[in-house]
Amino acid sequence: MSETQVFQVTPRGDREIVMTRVFDAPRELVWAAFTDAEHLKHWWGRGNPMTIEIDVRVGGRYRFVEHSPEGDEAFRGEILELVPNEKVVQTFEWEGLPGHIATDTMVLTEQDGKTLVTTTSVFTSQEDRDGMIASGMETGARQSYEALEAYLAKL
């Protein structure tokens, strides 16, 4: 894994976004940070308080509500596939724009104690994909991943 590859968001094809980030932590710890509500509340909302419900199993659902000064934002989905410590496939929907559902595949790869997280989001249309890019998702994801890196360093 390249030390220079810290965070990257790349549109691919007409309907995909691929997001990658290397974390200086073992895969099992990064997995726990993504799948345990007690960990998620420390980083996902970039410092904003969070209400998190998550049932980590195939068919399980999740709902994250970020409470910010601008108001609450909620995100939800269903887990479609799960390989503990390696891969999760889930739907992702921002409740502010219901019906626009992406399918996210997150893969964790460890090398030399560092973990590469690769998330591929597939949207139902190019318009949905482009709308997600235009929404500022890259900035929000970057901030969340920076908060995750800081949180992992404390564990």
# chains A, B, ... in the order shown; residues from 1 in each chain; ligands from 1
>>> select_by_dssp(residues="chain A", states="alpha helix (DSSP H)", output="ChimeraX atom specification")
/A:27-35,37-40,126-134,137-154
>>> write_last_selection(atoms="N, CA, C and O atoms", output="compact mmCIF listing (two decimals), in the first residue's frame")
# COMPACT_ATOMS: atom_id res chain seq x y z
N ARG A 27 -6.93 -4.49 10.24
CA ARG A 27 -8.23 -4.67 9.61
C ARG A 27 -9.35 -4.92 10.62
O ARG A 27 -10.45 -4.38 10.48
N GLU A 28 -9.11 -5.75 11.63
CA GLU A 28 -10.16 -6.07 12.60
C GLU A 28 -10.64 -4.82 13.34
O GLU A 28 -11.82 -4.67 13.63
N LEU A 29 -9.72 -3.91 13.64
CA LEU A 29 -10.09 -2.68 14.33
C LEU A 29 -10.87 -1.75 13.40
O LEU A 29 -11.87 -1.14 13.81
N VAL A 30 -10.44 -1.65 12.16
CA VAL A 30 -11.16 -0.81 11.18
C VAL A 30 -12.57 -1.39 10.96
O VAL A 30 -13.55 -0.65 10.93
N TRP A 31 -12.68 -2.71 10.86
CA TRP A 31 -13.98 -3.36 10.70
C TRP A 31 -14.90 -3.00 11.87
O TRP A 31 -16.06 -2.63 11.67
N ALA A 32 -14.38 -3.11 13.08
CA ALA A 32 -15.18 -2.78 14.27
C ALA A 32 -15.63 -1.32 14.22
O ALA A 32 -16.77 -1.01 14.57
N ALA A 33 -14.76 -0.44 13.77
CA ALA A 33 -15.11 0.98 13.70
C ALA A 33 -16.25 1.25 12.73
O ALA A 33 -17.04 2.18 12.91
N PHE A 34 -16.36 0.42 11.69
CA PHE A 34 -17.42 0.57 10.70
C PHE A 34 -18.71 -0.17 11.06
O PHE A 34 -19.75 0.09 10.48
N THR A 35 -18.65 -1.13 12.00
CA THR A 35 -19.80 -1.99 12.23
C THR A 35 -20.34 -1.97 13.66
O THR A 35 -21.36 -2.60 13.93
N ALA A 37 -21.89 0.30 16.73
CA ALA A 37 -22.51 1.61 16.99
C ALA A 37 -21.68 2.45 17.95
O ALA A 37 -21.59 3.67 17.78
N GLU A 38 -21.08 1.83 18.95
CA GLU A 38 -20.28 2.60 19.93
C GLU A 38 -19.07 3.24 19.27
O GLU A 38 -18.65 4.32 19.67
N HIS A 39 -18.49 2.56 18.28
CA HIS A 39 -17.37 3.16 17.54
C HIS A 39 -17.87 4.20 16.54
O HIS A 39 -17.31 5.29 16.43
N LEU A 40 -18.92 3.85 15.79
CA LEU A 40 -19.42 4.73 14.74
C LEU A 40 -19.76 6.13 15.24
O LEU A 40 -19.49 7.12 14.58
N GLN A 126 -26.98 7.67 -13.83
CA GLN A 126 -25.87 8.61 -13.87
C GLN A 126 -26.27 9.91 -13.15
O GLN A 126 -25.45 10.51 -12.47
N GLU A 127 -27.53 10.30 -13.26
CA GLU A 127 -28.01 11.51 -12.59
C GLU A 127 -27.87 11.39 -11.07
O GLU A 127 -27.46 12.34 -10.40
N ASP A 128 -28.22 10.20 -10.53
CA ASP A 128 -28.07 9.99 -9.09
C ASP A 128 -26.60 10.05 -8.69
O ASP A 128 -26.25 10.65 -7.67
N ARG A 129 -25.74 9.41 -9.47
CA ARG A 129 -24.30 9.42 -9.18
C ARG A 129 -23.77 10.85 -9.21
O ARG A 129 -23.08 11.30 -8.29
N ASP A 130 -24.10 11.59 -10.26
CA ASP A 130 -23.62 12.96 -10.39
C ASP A 130 -24.19 13.86 -9.30
O ASP A 130 -23.52 14.77 -8.82
N GLY A 131 -25.44 13.61 -8.91
CA GLY A 131 -26.05 14.37 -7.82
C GLY A 131 -25.32 14.13 -6.50
O GLY A 131 -25.14 15.06 -5.71
N MET A 132 -24.90 12.89 -6.26
CA MET A 132 -24.15 12.59 -5.04
C MET A 132 -22.82 13.33 -5.05
O MET A 132 -22.42 13.92 -4.05
N ILE A 133 -22.14 13.33 -6.18
CA ILE A 133 -20.87 14.06 -6.29
C ILE A 133 -21.10 15.55 -6.04
O ILE A 133 -20.35 16.18 -5.29
N ALA A 134 -22.15 16.11 -6.65
CA ALA A 134 -22.43 17.53 -6.51
C ALA A 134 -22.86 17.91 -5.09
O ALA A 134 -22.75 19.07 -4.70
N MET A 137 -20.38 15.19 -1.17
CA MET A 137 -20.09 13.95 -0.46
C MET A 137 -18.59 13.73 -0.27
O MET A 137 -18.18 13.18 0.73
N GLU A 138 -17.78 14.19 -1.22
CA GLU A 138 -16.34 13.98 -1.08
C GLU A 138 -15.80 14.71 0.14
O GLU A 138 -15.02 14.16 0.92
N THR A 139 -16.26 15.94 0.36
CA THR A 139 -15.81 16.70 1.53
C THR A 139 -16.28 16.03 2.81
O THR A 139 -15.50 15.87 3.75
N GLY A 140 -17.53 15.63 2.86
CA GLY A 140 -18.06 14.96 4.05
C GLY A 140 -17.34 13.65 4.33
O GLY A 140 -17.00 13.34 5.47
N ALA A 141 -17.10 12.86 3.27
CA ALA A 141 -16.40 11.59 3.45
C ALA A 141 -14.97 11.82 3.92
O ALA A 141 -14.48 11.12 4.81
N ARG A 142 -14.31 12.80 3.35
CA ARG A 142 -12.93 13.12 3.76
C ARG A 142 -12.91 13.49 5.25
O ARG A 142 -12.08 13.00 6.01
N GLN A 143 -13.84 14.33 5.68
CA GLN A 143 -13.89 14.74 7.08
C GLN A 143 -14.18 13.55 8.00
O GLN A 143 -13.57 13.42 9.06
N SER A 144 -15.10 12.69 7.59
CA SER A 144 -15.41 11.51 8.40
C SER A 144 -14.20 10.58 8.49
O SER A 144 -13.88 10.07 9.57
N TYR A 145 -13.51 10.38 7.39
CA TYR A 145 -12.34 9.50 7.40
C TYR A 145 -11.20 10.10 8.22
O TYR A 145 -10.45 9.37 8.86
N GLU A 146 -11.06 11.41 8.19
CA GLU A 146 -10.05 12.05 9.06
C GLU A 146 -10.41 11.85 10.53
O GLU A 146 -9.55 11.57 11.36
N ALA A 147 -11.70 11.96 10.85
CA ALA A 147 -12.15 11.72 12.22
C ALA A 147 -11.94 10.26 12.61
O ALA A 147 -11.56 9.96 13.74
N LEU A 148 -12.15 9.34 11.65
CA LEU A 148 -11.91 7.93 11.92
C LEU A 148 -10.43 7.67 12.19
O LEU A 148 -10.08 6.94 13.12
N GLU A 149 -9.56 8.25 11.39
CA GLU A 149 -8.11 8.07 11.61
C GLU A 149 -7.72 8.54 13.01
O GLU A 149 -7.00 7.85 13.73
N ALA A 150 -8.22 9.69 13.42
CA ALA A 150 -7.91 10.22 14.76
C ALA A 150 -8.49 9.30 15.84
O ALA A 150 -7.84 9.06 16.87
N TYR A 151 -9.69 8.80 15.63
CA TYR A 151 -10.31 7.90 16.59
C TYR A 151 -9.54 6.59 16.71
O TYR A 151 -9.27 6.10 17.82
N LEU A 152 -9.15 6.01 15.57
CA LEU A 152 -8.39 4.77 15.60
C LEU A 152 -7.06 4.93 16.34
O LEU A 152 -6.62 4.00 17.02
N ALA A 153 -6.45 6.10 16.22
CA ALA A 153 -5.17 6.34 16.89
C ALA A 153 -5.31 6.31 18.41
O ALA A 153 -4.34 6.03 19.13
N LYS A 154 -6.53 6.58 18.92
CA LYS A 154 -6.77 6.58 20.37
C LYS A 154 -7.02 5.17 20.92
O LYS A 154 -6.95 4.97 22.13
>>> select_by_dssp(residues="segment 11-66 of chain A", states="strand (DSSP E)", output="count of residues only")
21
>>> residues_around(residues="Arg76 of chain A", least_positions_apart="2", cutoff="8 Å", atoms="only C-alpha atoms", output="MDAnalysis selection string")
chainID A and resid 61:64 74 78 91:95
>>> write_last_selection(atoms="C-alpha atoms", output="PDB file, in the first residue's frame")
ATOM      1  CA  ARG A  61     -30.757  -2.749   8.734  1.00  0.00           C
ATOM      2  CA  TYR A  62     -29.020   0.391   9.855  1.00  0.00           C
ATOM      3  CA  ARG A  63     -30.022   4.003  10.402  1.00  0.00           C
ATOM      4  CA  PHE A  64     -27.642   6.835  11.279  1.00  0.00           C
ATOM      5  CA  ALA A  74     -30.556  10.598   8.424  1.00  0.00           C
ATOM      6  CA  GLU A  78     -29.973  -2.867   4.518  1.00  0.00           C
ATOM      7  CA  THR A  91     -27.847  -0.281   0.359  1.00  0.00           C
ATOM      8  CA  PHE A  92     -27.403   3.405   1.199  1.00  0.00           C
ATOM      9  CA  GLU A  93     -30.143   6.020   1.155  1.00  0.00           C
ATOM     10  CA  TRP A  94     -30.156   9.613   2.362  1.00  0.00           C
ATOM     11  CA  GLU A  95     -33.605  10.183   3.852  1.00  0.00           C
TER      12      GLU A  95
END
>>> atom_distance(atom1="atom CA of Trp44 of chain A", atom2="atom CA of Ser125 of chain A")
26.1 Å
>>> decode(residues="segment 53-70 of chain A", atoms="N, CA, C and O atoms", output="short mmCIF file (atom, residue, chain, number, x, y, z; two decimals), in the first residue's frame")
data_model
loop_
_atom_site.label_atom_id
_atom_site.label_comp_id
_atom_site.auth_asym_id
_atom_site.auth_seq_id
_atom_site.Cartn_x
_atom_site.Cartn_y
_atom_site.Cartn_z
N GLU A 53 -28.42 3.13 14.92
CA GLU A 53 -29.02 1.80 15.06
C GLU A 53 -28.41 0.95 13.96
O GLU A 53 -28.40 1.36 12.79
N ILE A 54 -27.86 -0.21 14.33
CA ILE A 54 -27.24 -1.07 13.33
C ILE A 54 -27.37 -2.53 13.75
O ILE A 54 -27.12 -2.87 14.91
N ASP A 55 -27.81 -3.35 12.82
CA ASP A 55 -27.96 -4.78 13.02
C ASP A 55 -27.07 -5.46 11.97
O ASP A 55 -27.46 -5.59 10.81
N VAL A 56 -25.86 -5.83 12.38
CA VAL A 56 -24.85 -6.31 11.45
C VAL A 56 -25.05 -7.80 11.17
O VAL A 56 -24.51 -8.67 11.86
N ARG A 57 -25.86 -8.06 10.17
CA ARG A 57 -26.11 -9.41 9.67
C ARG A 57 -26.79 -9.26 8.31
O ARG A 57 -27.36 -8.20 8.00
N VAL A 58 -26.72 -10.30 7.50
CA VAL A 58 -27.41 -10.25 6.21
C VAL A 58 -28.90 -10.09 6.49
O VAL A 58 -29.47 -10.81 7.32
N GLY A 59 -29.49 -9.09 5.87
CA GLY A 59 -30.89 -8.76 6.11
C GLY A 59 -31.06 -7.73 7.21
O GLY A 59 -32.15 -7.19 7.40
N GLY A 60 -29.99 -7.46 7.95
CA GLY A 60 -30.04 -6.44 9.00
C GLY A 60 -30.12 -5.05 8.40
O GLY A 60 -29.74 -4.82 7.26
N ARG A 61 -30.60 -4.14 9.19
CA ARG A 61 -30.76 -2.75 8.73
C ARG A 61 -29.94 -1.82 9.62
O ARG A 61 -29.59 -2.17 10.74
N TYR A 62 -29.69 -0.63 9.07
CA TYR A 62 -29.02 0.39 9.86
C TYR A 62 -29.70 1.73 9.59
O TYR A 62 -30.34 1.93 8.55
N ARG A 63 -29.54 2.62 10.55
CA ARG A 63 -30.02 4.00 10.40
C ARG A 63 -29.12 4.88 11.25
O ARG A 63 -28.93 4.64 12.43
N PHE A 64 -28.51 5.87 10.61
CA PHE A 64 -27.64 6.84 11.28
C PHE A 64 -28.30 8.20 11.19
O PHE A 64 -28.69 8.63 10.11
N VAL A 65 -28.42 8.89 12.33
CA VAL A 65 -28.95 10.25 12.33
C VAL A 65 -27.86 11.15 12.89
O VAL A 65 -27.42 10.97 14.03
N GLU A 66 -27.44 12.09 12.09
CA GLU A 66 -26.43 13.08 12.49
C GLU A 66 -27.17 14.33 12.94
O GLU A 66 -27.98 14.88 12.21
N HIS A 67 -26.88 14.77 14.16
CA HIS A 67 -27.52 15.95 14.74
C HIS A 67 -26.53 17.10 14.66
O HIS A 67 -25.59 17.18 15.44
N SER A 68 -26.74 17.99 13.69
CA SER A 68 -25.82 19.12 13.51
C SER A 68 -26.57 20.43 13.76
O SER A 68 -27.80 20.46 13.80
N PRO A 69 -25.84 21.53 13.91
CA PRO A 69 -26.49 22.84 14.10
C PRO A 69 -27.43 23.20 12.94
O PRO A 69 -28.39 23.92 13.12
N GLU A 70 -27.16 22.65 11.75
CA GLU A 70 -28.01 22.93 10.59
C GLU A 70 -29.27 22.06 10.58
O GLU A 70 -30.15 22.26 9.75
#
